[in-house]
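Note: the block below is final.csv and it holds CSV, C-alpha atoms.
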chain,number,residue,atom,x,y,z
A,694,MET,CA,23.3,-13.9,-6.0
A,695,ASN,CA,21.3,-11.5,-3.9
A,696,LEU,CA,19.1,-12.7,-1.1
A,697,LEU,CA,15.9,-10.6,-1.0
A,698,THR,CA,14.1,-11.2,2.2
A,699,HIS,CA,10.5,-10.2,1.5
A,700,VAL,CA,9.0,-11.0,4.9
A,701,SER,CA,10.1,-12.5,8.2
A,702,ARG,CA,9.3,-16.1,9.0
A,703,PRO,CA,6.3,-16.5,11.4
A,704,SER,CA,5.8,-19.2,14.0
A,705,LEU,CA,4.5,-22.6,12.8
A,706,SER,CA,1.3,-22.2,14.8
A,707,VAL,CA,0.5,-19.0,12.9
A,708,ILE,CA,1.2,-20.7,9.5
A,709,ALA,CA,-1.0,-23.7,10.5
A,710,LEU,CA,-3.8,-21.4,11.4
A,711,ALA,CA,-3.5,-19.5,8.2
A,712,LEU,CA,-3.5,-22.8,6.2
A,713,SER,CA,-6.6,-24.0,8.0
A,714,ILE,CA,-8.4,-20.8,7.0
A,715,LEU,CA,-7.2,-21.0,3.4
A,716,TRP,CA,-8.2,-24.6,3.0
A,717,ALA,CA,-11.7,-23.8,4.2
A,718,THR,CA,-12.0,-20.8,1.7
A,719,PRO,CA,-13.1,-21.4,-1.9
A,720,LEU,CA,-10.7,-20.2,-4.5
A,721,GLN,CA,-11.7,-17.5,-7.0
A,722,ALA,CA,-12.3,-19.1,-10.4
A,723,GLY,CA,-9.8,-18.1,-13.1
A,724,PRO,CA,-10.8,-16.5,-16.4
A,725,GLY,CA,-12.7,-18.6,-18.8
A,726,HIS,CA,-14.8,-20.6,-16.3
A,727,ASP,CA,-18.6,-20.8,-17.0
A,728,HIS,CA,-19.8,-21.3,-13.4
A,729,ASP,CA,-20.8,-18.4,-11.1
A,730,GLU,CA,-17.9,-16.3,-9.8
A,731,VAL,CA,-17.0,-17.1,-6.2
A,732,LEU,CA,-15.8,-14.1,-4.3
A,733,PRO,CA,-12.7,-14.9,-2.2
A,734,ALA,CA,-12.3,-14.1,1.4
A,735,VAL,CA,-9.8,-11.5,2.4
A,736,GLY,CA,-6.3,-12.7,1.6
A,737,ALA,CA,-7.5,-15.8,-0.4
A,738,ILE,CA,-5.1,-17.1,-3.1
A,739,GLU,CA,-6.2,-16.8,-6.6
A,740,ASP,CA,-6.0,-19.9,-8.9
A,741,ALA,CA,-4.7,-18.7,-12.3
A,742,HIS,CA,-3.6,-21.7,-14.3
A,743,GLU,CA,-2.0,-19.6,-16.9
A,744,GLU,CA,-0.3,-17.1,-14.5
A,745,GLY,CA,0.7,-19.3,-11.6
A,746,LEU,CA,-0.2,-19.0,-8.0
A,747,HIS,CA,-1.0,-15.6,-6.5
A,748,LEU,CA,-0.6,-14.6,-2.8
A,749,SER,CA,-1.9,-11.5,-1.2
A,750,SER,CA,0.3,-9.3,0.9
A,751,ALA,CA,-1.1,-10.8,4.1
A,752,GLN,CA,-0.4,-14.3,2.9
A,753,LEU,CA,3.1,-13.4,2.0
A,754,ALA,CA,3.6,-12.1,5.5
A,755,LEU,CA,2.3,-15.3,7.0
A,756,ALA,CA,4.1,-17.7,4.7
A,757,GLY,CA,7.6,-16.1,5.2
A,758,ILE,CA,8.4,-16.1,1.5
A,759,GLU,CA,12.0,-15.5,0.7
A,760,VAL,CA,13.5,-15.6,-2.8
A,761,MET,CA,17.0,-15.7,-4.2
A,762,ALA,CA,18.2,-14.5,-7.6
A,763,LEU,CA,19.5,-17.1,-10.1
A,764,GLN,CA,22.8,-16.7,-11.9
A,765,ASP,CA,25.2,-19.0,-13.6
A,766,SER,CA,26.4,-21.3,-10.8
A,767,HIS,CA,29.7,-23.0,-10.1
A,768,PHE,CA,29.0,-24.5,-6.7
A,769,ASN,CA,29.6,-27.9,-5.4
A,770,LEU,CA,28.4,-29.3,-2.0
A,771,ASP,CA,31.8,-31.0,-1.6
A,772,ALA,CA,33.6,-27.6,-1.8
A,773,VAL,CA,32.4,-26.5,1.6
A,774,ALA,CA,34.2,-25.3,4.8
A,775,THR,CA,33.1,-24.5,8.3
A,776,ALA,CA,33.2,-20.8,9.2
A,777,ASN,CA,32.1,-18.3,11.6
A,778,LEU,CA,30.7,-14.8,11.3
A,779,ILE,CA,32.7,-11.8,12.4
A,780,VAL,CA,32.2,-8.0,12.3
A,781,ASP,CA,32.9,-6.2,9.1
A,782,ARG,CA,36.1,-4.4,10.1
A,783,ASP,CA,35.4,-1.7,7.5
A,784,GLN,CA,32.1,-0.9,9.3
A,785,THR,CA,33.4,-1.1,12.9
A,786,VAL,CA,34.9,1.6,15.1
A,787,ILE,CA,36.7,1.2,18.4
A,788,LEU,CA,36.4,4.2,20.7
A,789,ALA,CA,39.6,4.6,22.7
A,790,PRO,CA,40.5,8.1,23.7
A,791,GLN,CA,44.3,8.5,23.8
A,792,LEU,CA,44.5,10.4,27.1
A,793,GLU,CA,43.3,9.5,30.5
A,794,VAL,CA,39.5,10.1,30.8
A,795,ARG,CA,36.9,9.8,33.4
A,796,VAL,CA,33.4,8.6,32.5
A,797,MET,CA,31.0,11.2,33.9
A,798,ALA,CA,27.7,10.0,32.3
A,799,ARG,CA,26.4,7.3,30.0
A,800,HIS,CA,23.8,8.0,27.3
A,801,VAL,CA,23.3,4.6,25.6
A,802,ALA,CA,22.8,1.0,26.6
A,803,PRO,CA,24.8,-2.1,25.4
A,804,GLY,CA,23.4,-3.5,22.2
A,805,GLN,CA,21.5,-0.3,21.4
A,806,ASN,CA,21.3,0.9,17.8
A,807,VAL,CA,22.6,4.5,17.5
A,808,SER,CA,22.7,7.1,14.7
A,809,GLN,CA,25.8,9.0,13.6
A,810,GLY,CA,26.4,11.9,15.9
A,811,GLN,CA,24.4,10.6,18.8
A,812,PRO,CA,25.9,11.2,22.3
A,813,LEU,CA,27.4,8.0,23.8
A,814,LEU,CA,29.3,9.1,26.9
A,815,THR,CA,30.2,12.3,28.7
A,816,LEU,CA,34.0,12.2,29.4
A,817,GLY,CA,36.2,14.5,31.4
A,818,GLY,CA,39.1,14.6,33.9
A,819,ALA,CA,42.3,16.5,34.6
A,820,ALA,CA,44.1,15.4,31.4
A,821,VAL,CA,41.1,16.4,29.3
A,822,ALA,CA,40.9,19.9,31.0
A,823,GLN,CA,44.7,20.4,30.5
A,824,ALA,CA,44.5,19.4,26.8
A,825,GLN,CA,41.6,21.7,26.2
A,826,ALA,CA,43.2,24.6,28.0
A,827,GLU,CA,46.4,24.3,26.0
A,828,PHE,CA,44.4,24.2,22.7
A,829,ILE,CA,42.5,27.4,23.7
A,830,ASN,CA,45.7,29.2,24.4
A,831,ALA,CA,47.5,28.0,21.3
A,832,SER,CA,44.5,28.8,19.1
A,833,ALA,CA,44.3,32.3,20.5
A,834,GLU,CA,48.0,32.9,20.0
A,835,TRP,CA,47.8,31.6,16.4
A,836,ARG,CA,44.9,33.9,15.6
A,837,ARG,CA,46.9,36.9,17.1
A,838,VAL,CA,50.0,36.1,15.2
A,839,LYS,CA,48.1,35.4,11.9
A,840,ALA,CA,46.5,38.9,12.1
A,841,MET,CA,49.9,40.6,12.5
A,842,ASP,CA,51.6,42.2,9.5
A,843,ASN,CA,54.5,40.2,8.0
A,844,SER,CA,56.9,43.0,9.0
A,845,ALA,CA,55.9,42.7,12.6
A,846,VAL,CA,56.5,39.0,13.1
A,847,SER,CA,59.1,36.6,11.7
A,848,ALA,CA,58.2,33.7,9.4
A,849,SER,CA,59.6,31.3,12.0
A,850,ARG,CA,57.4,32.7,14.8
A,851,ARG,CA,54.4,32.6,12.6
A,852,LEU,CA,55.1,28.9,11.7
A,853,GLN,CA,55.7,28.0,15.4
A,854,ALA,CA,52.4,29.5,16.4
A,855,GLN,CA,50.5,27.6,13.7
A,856,VAL,CA,52.2,24.3,14.4
A,857,ASP,CA,51.5,24.6,18.1
A,858,ALA,CA,47.8,25.3,17.5
A,859,GLU,CA,47.5,22.3,15.1
A,860,LEU,CA,49.4,20.1,17.6
A,861,LYS,CA,46.9,20.9,20.4
A,862,ARG,CA,44.0,20.4,17.9
A,863,ALA,CA,45.3,17.0,17.0
A,864,ILE,CA,45.5,16.0,20.7
A,865,LEU,CA,41.8,16.9,21.1
A,866,ALA,CA,41.0,14.9,18.0
A,867,SER,CA,42.8,11.9,19.6
A,868,LEU,CA,40.2,12.2,22.4
A,869,LYS,CA,37.5,11.6,19.7
A,870,MET,CA,36.3,15.2,19.9
A,871,THR,CA,34.7,16.3,16.6
A,872,GLU,CA,35.8,19.3,14.6
A,873,ALA,CA,32.6,21.1,15.6
A,874,GLN,CA,33.3,20.4,19.3
A,875,ILE,CA,36.9,21.7,18.9
A,876,GLU,CA,35.9,24.9,17.1
A,877,ALA,CA,33.2,25.6,19.7
A,878,LEU,CA,35.8,25.1,22.5
A,879,ALA,CA,38.1,27.7,21.0
A,880,THR,CA,35.4,30.4,21.5
A,881,GLN,CA,33.7,29.0,24.7
A,882,PRO,CA,36.4,28.3,27.2
A,883,GLU,CA,33.8,27.7,30.0
A,884,ARG,CA,33.3,24.2,28.5
A,885,ILE,CA,36.8,23.1,29.7
A,886,GLY,CA,36.8,19.9,31.6
A,887,GLU,CA,34.4,17.6,29.8
A,888,TYR,CA,32.9,16.8,26.4
A,889,GLN,CA,30.4,14.4,24.9
A,890,LEU,CA,31.7,11.4,23.0
A,891,LEU,CA,29.6,11.2,19.8
A,892,ALA,CA,29.0,8.2,17.6
A,893,PRO,CA,31.2,8.5,14.5
A,894,ILE,CA,29.0,6.0,12.5
A,895,ALA,CA,25.6,4.6,12.8
A,896,GLY,CA,25.6,1.1,14.3
A,897,ARG,CA,25.1,-1.1,17.3
A,898,VAL,CA,26.9,-0.5,20.7
A,899,GLN,CA,29.1,-3.5,21.3
A,900,GLN,CA,31.9,-4.4,23.8
A,901,ASP,CA,30.7,-1.6,26.1
A,902,ILE,CA,32.8,-1.5,29.3
A,903,ALA,CA,32.4,2.2,30.3
A,904,GLN,CA,31.0,2.7,33.9
A,905,ARG,CA,30.2,6.0,35.6
A,906,GLY,CA,33.1,7.3,37.6
A,907,GLN,CA,35.6,5.0,35.8
A,908,VAL,CA,39.0,6.4,35.1
A,909,SER,CA,40.5,4.9,31.9
A,910,ALA,CA,44.1,5.1,30.8
A,911,GLY,CA,44.9,6.5,27.4
A,912,GLY,CA,44.3,4.1,24.6
A,913,GLN,CA,41.9,1.9,26.6
A,914,ALA,CA,38.8,1.0,24.5
A,915,LEU,CA,35.5,2.2,26.1
A,916,MET,CA,33.1,1.1,23.5
A,917,GLN,CA,32.8,-0.5,20.0
A,918,LEU,CA,30.3,0.5,17.3
A,919,THR,CA,29.5,-2.0,14.5
A,920,ASN,CA,27.2,-1.5,11.5
A,921,GLU,CA,25.7,-4.9,11.0
A,922,SER,CA,24.4,-4.3,7.5
A,923,SER,CA,27.3,-6.4,6.4
A,924,LEU,CA,29.4,-9.1,8.0
A,925,TRP,CA,32.6,-10.9,7.3
A,926,VAL,CA,32.8,-14.7,7.1
A,927,GLU,CA,36.0,-16.2,8.4
A,928,ALA,CA,36.9,-19.8,7.3
A,929,GLN,CA,39.9,-22.1,7.5
A,930,LEU,CA,40.6,-23.8,4.2
A,931,THR,CA,42.9,-26.7,3.3
A,932,PRO,CA,45.4,-26.0,0.5
A,933,ALA,CA,43.2,-28.1,-1.8
A,934,GLN,CA,40.1,-26.0,-1.1
A,935,SER,CA,41.9,-22.7,-1.5
A,936,SER,CA,43.8,-23.7,-4.6
A,937,GLY,CA,42.8,-21.3,-7.4
A,938,LEU,CA,40.7,-19.2,-5.1
A,939,THR,CA,40.9,-15.5,-6.1
A,940,VAL,CA,39.8,-12.3,-4.4
A,941,GLY,CA,36.5,-11.3,-5.9
A,942,SER,CA,35.2,-14.8,-6.6
A,943,LYS,CA,31.7,-15.7,-5.5
A,944,ALA,CA,30.7,-17.9,-2.6
A,945,LEU,CA,27.6,-18.9,-0.7
A,946,VAL,CA,27.1,-18.7,3.1
A,947,ARG,CA,24.7,-20.9,5.0
A,948,VAL,CA,23.7,-19.9,8.5
A,949,ASP,CA,21.0,-22.2,10.0
A,950,ASP,CA,18.2,-22.1,7.4
A,951,LYS,CA,19.4,-18.9,5.6
A,952,LEU,CA,21.5,-18.9,2.5
A,953,LEU,CA,23.2,-15.7,1.4
A,954,ALA,CA,25.6,-14.6,-1.4
A,955,ALA,CA,29.1,-13.6,-0.4
A,956,THR,CA,32.3,-12.4,-2.1
A,957,ILE,CA,35.8,-13.5,-1.2
A,958,ILE,CA,37.7,-10.4,0.0
A,959,GLY,CA,41.0,-11.8,1.2
A,960,ARG,CA,43.2,-14.9,1.9
A,961,SER,CA,46.3,-15.2,4.1
A,962,HIS,CA,48.4,-17.2,1.7
A,963,GLU,CA,50.0,-18.7,4.8
A,964,LEU,CA,49.2,-22.0,6.5
A,965,ASP,CA,48.6,-22.3,10.3
A,966,SER,CA,51.5,-24.3,11.8
A,967,VAL,CA,49.0,-26.5,13.8
A,968,THR,CA,46.0,-26.9,11.6
A,969,ARG,CA,47.8,-26.6,8.2
A,970,THR,CA,44.9,-24.5,7.0
A,971,GLU,CA,44.7,-21.0,5.4
A,972,GLN,CA,42.5,-18.2,6.6
A,973,VAL,CA,40.0,-16.9,4.0
A,974,LEU,CA,37.6,-14.0,4.4
A,975,ALA,CA,34.4,-13.3,2.6
A,976,ARG,CA,32.0,-10.4,2.9
A,977,MET,CA,28.2,-10.7,2.7
A,978,ASP,CA,25.2,-8.4,3.1
A,979,ASN,CA,23.1,-8.9,6.2
A,980,PRO,CA,19.6,-7.6,5.3
A,981,GLY,CA,17.5,-6.8,8.4
A,982,HIS,CA,20.5,-7.4,10.7
A,983,VAL,CA,19.2,-10.9,11.4
A,984,LEU,CA,22.6,-12.5,11.6
A,985,HIS,CA,25.2,-11.6,14.2
A,986,ALA,CA,29.0,-11.9,14.7
A,987,GLY,CA,29.9,-15.1,16.5
A,988,GLN,CA,27.4,-17.4,14.7
A,989,PHE,CA,28.7,-20.5,13.0
A,990,ALA,CA,28.3,-20.8,9.2
A,991,GLU,CA,29.2,-22.9,6.2
A,992,LEU,CA,31.0,-21.4,3.3
A,993,TYR,CA,30.4,-23.0,-0.2
A,994,LEU,CA,33.1,-22.2,-2.7
A,995,THR,CA,33.1,-22.2,-6.5
A,996,THR,CA,34.6,-25.0,-8.5
A,997,SER,CA,36.2,-25.0,-12.0
A,998,GLU,CA,33.2,-26.6,-13.6
A,999,GLN,CA,29.5,-25.6,-13.6
A,1000,VAL,CA,27.8,-28.2,-11.5
A,1001,GLY,CA,24.5,-26.7,-10.4
A,1002,LEU,CA,22.7,-24.4,-8.0
A,1003,VAL,CA,22.8,-25.0,-4.2
A,1004,LEU,CA,19.4,-24.6,-2.5
A,1005,PRO,CA,18.2,-25.4,1.0
A,1006,ASP,CA,15.7,-28.1,1.9
A,1007,ALA,CA,13.0,-25.4,2.4
A,1008,ALA,CA,13.1,-24.6,-1.3
A,1009,LEU,CA,12.2,-28.1,-2.5
A,1010,THR,CA,8.8,-29.8,-2.6
A,1011,ARG,CA,7.2,-32.7,-4.4
A,1012,SER,CA,5.0,-32.3,-7.4
A,1013,SER,CA,1.8,-34.3,-7.9
A,1014,ASP,CA,3.8,-37.0,-9.8
A,1015,GLY,CA,6.4,-37.2,-7.1
A,1016,HIS,CA,9.2,-35.2,-8.8
A,1017,TRP,CA,11.2,-32.5,-7.1
A,1018,GLN,CA,10.1,-29.0,-7.8
A,1019,VAL,CA,10.8,-25.4,-6.9
A,1020,PHE,CA,8.8,-22.3,-7.2
A,1021,MET,CA,10.0,-19.4,-9.5
A,1022,VAL,CA,8.8,-15.8,-9.3
A,1023,LYS,CA,6.7,-15.0,-12.3
A,1024,GLY,CA,5.6,-11.4,-12.2
A,1025,ASP,CA,3.4,-11.1,-9.1
A,1026,ALA,CA,2.8,-14.9,-9.0
A,1027,PHE,CA,4.7,-18.1,-8.4
A,1028,GLU,CA,5.3,-20.9,-10.9
A,1029,ALA,CA,6.3,-24.5,-10.2
A,1030,VAL,CA,9.4,-25.8,-12.1
A,1031,GLU,CA,10.6,-29.4,-11.9
A,1032,VAL,CA,14.3,-29.8,-11.1
A,1033,THR,CA,16.9,-32.6,-10.8
A,1034,VAL,CA,18.5,-33.1,-7.4
A,1035,SER,CA,22.0,-34.6,-8.0
A,1036,GLN,CA,23.4,-34.3,-4.4
A,1037,ARG,CA,22.0,-33.8,-0.9
A,1038,GLN,CA,23.9,-33.2,2.3
A,1039,ARG,CA,23.6,-31.2,5.5
A,1040,GLY,CA,20.2,-29.7,4.5
A,1041,MET,CA,21.5,-28.5,1.2
A,1042,ASN,CA,20.7,-29.7,-2.3
A,1043,LEU,CA,22.6,-29.5,-5.6
A,1044,VAL,CA,19.9,-28.9,-8.3
A,1045,SER,CA,19.9,-28.4,-12.1
A,1046,GLY,CA,17.1,-27.7,-14.6
A,1047,LEU,CA,16.6,-24.0,-13.7
A,1048,PRO,CA,16.8,-21.1,-16.1
A,1049,ASP,CA,19.9,-18.9,-16.0
A,1050,GLU,CA,18.0,-15.9,-14.7
A,1051,GLY,CA,15.0,-15.2,-12.4
A,1052,GLU,CA,14.2,-15.7,-8.7
A,1053,VAL,CA,13.5,-18.9,-6.9
A,1054,VAL,CA,11.7,-19.3,-3.6
A,1055,ILE,CA,14.0,-20.6,-0.8
A,1056,ALA,CA,11.6,-20.3,2.1
A,1057,GLY,CA,7.8,-20.7,2.3
A,1058,ALA,CA,7.6,-23.2,-0.6
A,1059,PHE,CA,5.5,-25.5,1.6
A,1060,LEU,CA,2.6,-23.1,1.5
A,1061,LEU,CA,2.8,-22.8,-2.2
A,1062,ALA,CA,3.0,-26.6,-2.7
A,1063,SER,CA,-0.1,-27.0,-0.4
A,1064,GLU,CA,-2.1,-24.4,-2.4
A,1065,GLN,CA,-0.9,-26.0,-5.7
A,1066,ALA,CA,-2.2,-29.4,-4.6
A,1067,LYS,CA,-5.5,-27.9,-3.4
A,1068,SER,CA,-6.1,-26.0,-6.6
A,1069,GLY,CA,-5.1,-28.8,-8.9
A,1070,PHE,CA,-2.4,-26.6,-10.4
A,1071,ASP,CA,-0.2,-28.8,-12.5
A,1072,ILE,CA,3.2,-27.7,-13.9
A,1073,HIS,CA,2.7,-30.0,-16.9
A,1074,ASN,CA,-0.3,-28.0,-18.1
A,1075,HIS,CA,1.8,-24.8,-18.7
What does this structure look like when you write it as structure tokens?
Amino acid sequence: MNLLTHVSRPSLSVIALALSILWATPLQAGPGHDHDEVLPAVGAIEDAHEEGLHLSSAQLALAGIEVMALQDSHFNLDAVATANLIVDRDQTVILAPQLEVRVMARHVAPGQNVSQGQPLLTLGGAAVAQAQAEFINASAEWRRVKAMDNSAVSASRRLQAQVDAELKRAILASLKMTEAQIEALATQPERIGEYQLLAPIAGRVQQDIAQRGQVSAGGQALMQLTNESSLWVEAQLTPAQSSGLTVGSKALVRVDDKLLAATIIGRSHELDSVTRTEQVLARMDNPGHVLHAGQFAELYLTTSEQVGLVLPDAALTRSSDGHWQVFMVKGDAFEAVEVTVSQRQRGMNLVSGLPDEGEVVIAGAFLLASEQAKSGFDIHNH
């Protein structure tokens, strides 16, 4: 399942204002009507009984429509565990130079989004100058020896010069200097004493403790960068919940009113001595970076039997005859489909009666149901 966030959710006051305008605006008559055509106001919803309900781009933005792709489901509301969101460790970099450094200047703010290669800090100090000077000398010696004829220098001396140059290069790399910075230093020795710490990935600045004038010991973390386009979900499962759970199996993650697809990426296979639970990790996409590490979540797991599709309360409305219904995407329109709700708890619903494929509205269904009632659109007429 992939959650496609079409638009962001507006405030309730904005939606209420939009609805009041819509209810006061006549709908455009569908094809086949004999009465005079009524031109809709800007953004008015078209009533097309054969094609479903149509919303303009402006109305989609106001309604906060979000949809989720349907697939064969094996979820059960009872197979749920409390969890919390943590950073994706594959998308996180800790910046900790391995020599003593002094923070000479800052170029970003905590929480700021940065691009790859953007300057973060200017670092320097005596240890930095010493390491840079040793590399310049070793690099110059290696270039001199490499240019000499084999008869003029022994193989061991050639090897020694090369190893020394590579060792000094590795020390600068441990300072998080880039290859381009190291190569420039070899030909421009006047740069000795400082360098700019560049962002190795695009992401958000987190755990930023660097202060101007601060002298940090080698290995001390100055900053952390995290790409929040994906997050990990960490849950503690009982042996019964984790029984049969495999890496690669699907899961659902609920955070507040959002529901996102996830994939199990690891399990500890070891029980905590106190809680007698096993740590399980799942990975999920984070479109729009709307969720953050540290938030609480619920992890819904698959079961051995197909039992239905899990949908949030916001996806369900009542039809004109009082039955539960959801709205499916049909081309550029929305079509109401009646469903059976077999279980409800914690704002989630286990439903059946939906096709195997397609997209269902999981946020913004209230506006669609209101327009359905106003236009007399009846799912039994399809």
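The shortest atom-to-atom distance to Ile894 in chain A, with all atoms listed in the file taken into account, belongs to A:Asn920 out of A:Gln805, A:Asn920, A:Ser844, A:Ser1013.
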Given the choices A:Ile758, A:Leu930, A:Met841, A:Leu814, which gets closest to Ala1026 in chain A if the distance is worked out from only C-alpha atoms?
->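 Answer, going by the shortest atom-to-atom distance: A:Ile758.
As for CA of Gly1040 in chain A and CA of Asp1006 in chain A, they are spaced 5.4 Å apart.
Taking CA of Ile787 in chain A and CA of His800 in chain A as endpoints, the distance between them is 17.1 Å.
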Hey, what's within 12 Å of range 904-912 of chain A if we count all atoms listed in the file and toss same-chain stuff fewer than 2 positions away? As a ChimeraX atom specification, please?
-> /A:787-803,813-821,864,867-869,901-902,914-916
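Separating CA of Arg1037 in chain A from CA of Ala776 in chain A is a distance of 19.9 Å.
Nearest to Arg836 in chain A of all the residues A:Ala873, A:Ala879, A:Ala762, A:Val1034 is A:Ala879, counting all atoms listed in the file.
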Surrounding residues of Pro812 in chain A excluding itself and chain neighbours under 6 positions, 7 Å, all atoms listed in the file, as a list in words |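 Everything that qualifies: His800, Gln889, Leu890, Leu891 and Ala892 of chain A.
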Compare A:Thr970, A:Asp771, A:Ala1056, A:Ile829 by their minimum atom-to-atom distance to Phe1020 in chain A, counting only C-alpha atoms, and give me the closest one.
->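 Going through A:Thr970, A:Asp771, A:Ala1056, A:Ile829 one by one, the smallest distance to Phe1020 in chain A is for A:Ala1056.
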Go through A:Ile779, A:Gly1051, A:Val846, A:Asn830 one by one, measure the shortest atom-to-atom distance of each to Met977 in chain A using only C-alpha atoms, and give the residue with the smallest value.
->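 Residue with the minimum atom-to-atom distance to Met977 in chain A: A:Ile779.
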Smallest atom-to-atom distance to Arg969 in chain A: which of A:Phe989, A:Pro932, A:Gln853, A:Gly1046, using only C-alpha atoms?
-> A:Pro932
Incomplete range 999-1015 of chain A filled out to N, CA and C atoms as a short mmCIF file (atom, residue, chain, number, x, y, z; two decimals), in the coordinates of the input:
data_model
loop_
_atom_site.label_atom_id
_atom_site.label_comp_id
_atom_site.auth_asym_id
_atom_site.auth_seq_id
_atom_site.Cartn_x
_atom_site.Cartn_y
_atom_site.Cartn_z
N GLN A 999 30.88 -25.88 -13.99
CA GLN A 999 29.50 -25.60 -13.60
C GLN A 999 28.82 -26.87 -13.21
N VAL A 1000 28.37 -26.98 -11.96
CA VAL A 1000 27.80 -28.20 -11.50
C VAL A 1000 26.33 -28.07 -11.04
N GLY A 1001 25.87 -26.88 -10.82
CA GLY A 1001 24.50 -26.70 -10.40
C GLY A 1001 24.31 -25.59 -9.41
N LEU A 1002 23.08 -25.48 -8.92
CA LEU A 1002 22.70 -24.40 -8.00
C LEU A 1002 22.47 -25.06 -6.61
N VAL A 1003 23.00 -24.46 -5.57
CA VAL A 1003 22.80 -25.00 -4.20
C VAL A 1003 21.57 -24.29 -3.62
N LEU A 1004 20.61 -25.12 -3.14
CA LEU A 1004 19.40 -24.60 -2.50
C LEU A 1004 19.14 -25.36 -1.22
N PRO A 1005 18.53 -24.70 -0.24
CA PRO A 1005 18.20 -25.40 1.00
C PRO A 1005 17.01 -26.29 0.90
N ASP A 1006 16.84 -27.18 1.86
CA ASP A 1006 15.70 -28.10 1.90
C ASP A 1006 14.38 -27.36 1.74
N ALA A 1007 14.29 -26.17 2.35
CA ALA A 1007 13.00 -25.40 2.40
C ALA A 1007 12.59 -24.98 0.99
N ALA A 1008 13.50 -25.02 0.00
CA ALA A 1008 13.10 -24.60 -1.30
C ALA A 1008 12.48 -25.70 -2.15
N LEU A 1009 12.64 -26.95 -1.72
CA LEU A 1009 12.20 -28.10 -2.50
C LEU A 1009 10.89 -28.68 -1.97
N THR A 1010 10.00 -29.02 -2.88
CA THR A 1010 8.80 -29.80 -2.60
C THR A 1010 8.57 -30.81 -3.63
N ARG A 1011 7.56 -31.66 -3.44
CA ARG A 1011 7.20 -32.70 -4.40
C ARG A 1011 6.04 -32.28 -5.25
N SER A 1012 6.11 -32.54 -6.56
CA SER A 1012 5.00 -32.30 -7.40
C SER A 1012 3.96 -33.41 -7.31
N SER A 1013 2.85 -33.30 -8.03
CA SER A 1013 1.80 -34.30 -7.90
C SER A 1013 2.26 -35.67 -8.44
N ASP A 1014 3.25 -35.69 -9.34
CA ASP A 1014 3.80 -37.00 -9.80
C ASP A 1014 5.02 -37.43 -9.10
N GLY A 1015 5.34 -36.76 -7.98
CA GLY A 1015 6.40 -37.20 -7.10
C GLY A 1015 7.80 -36.66 -7.47
#
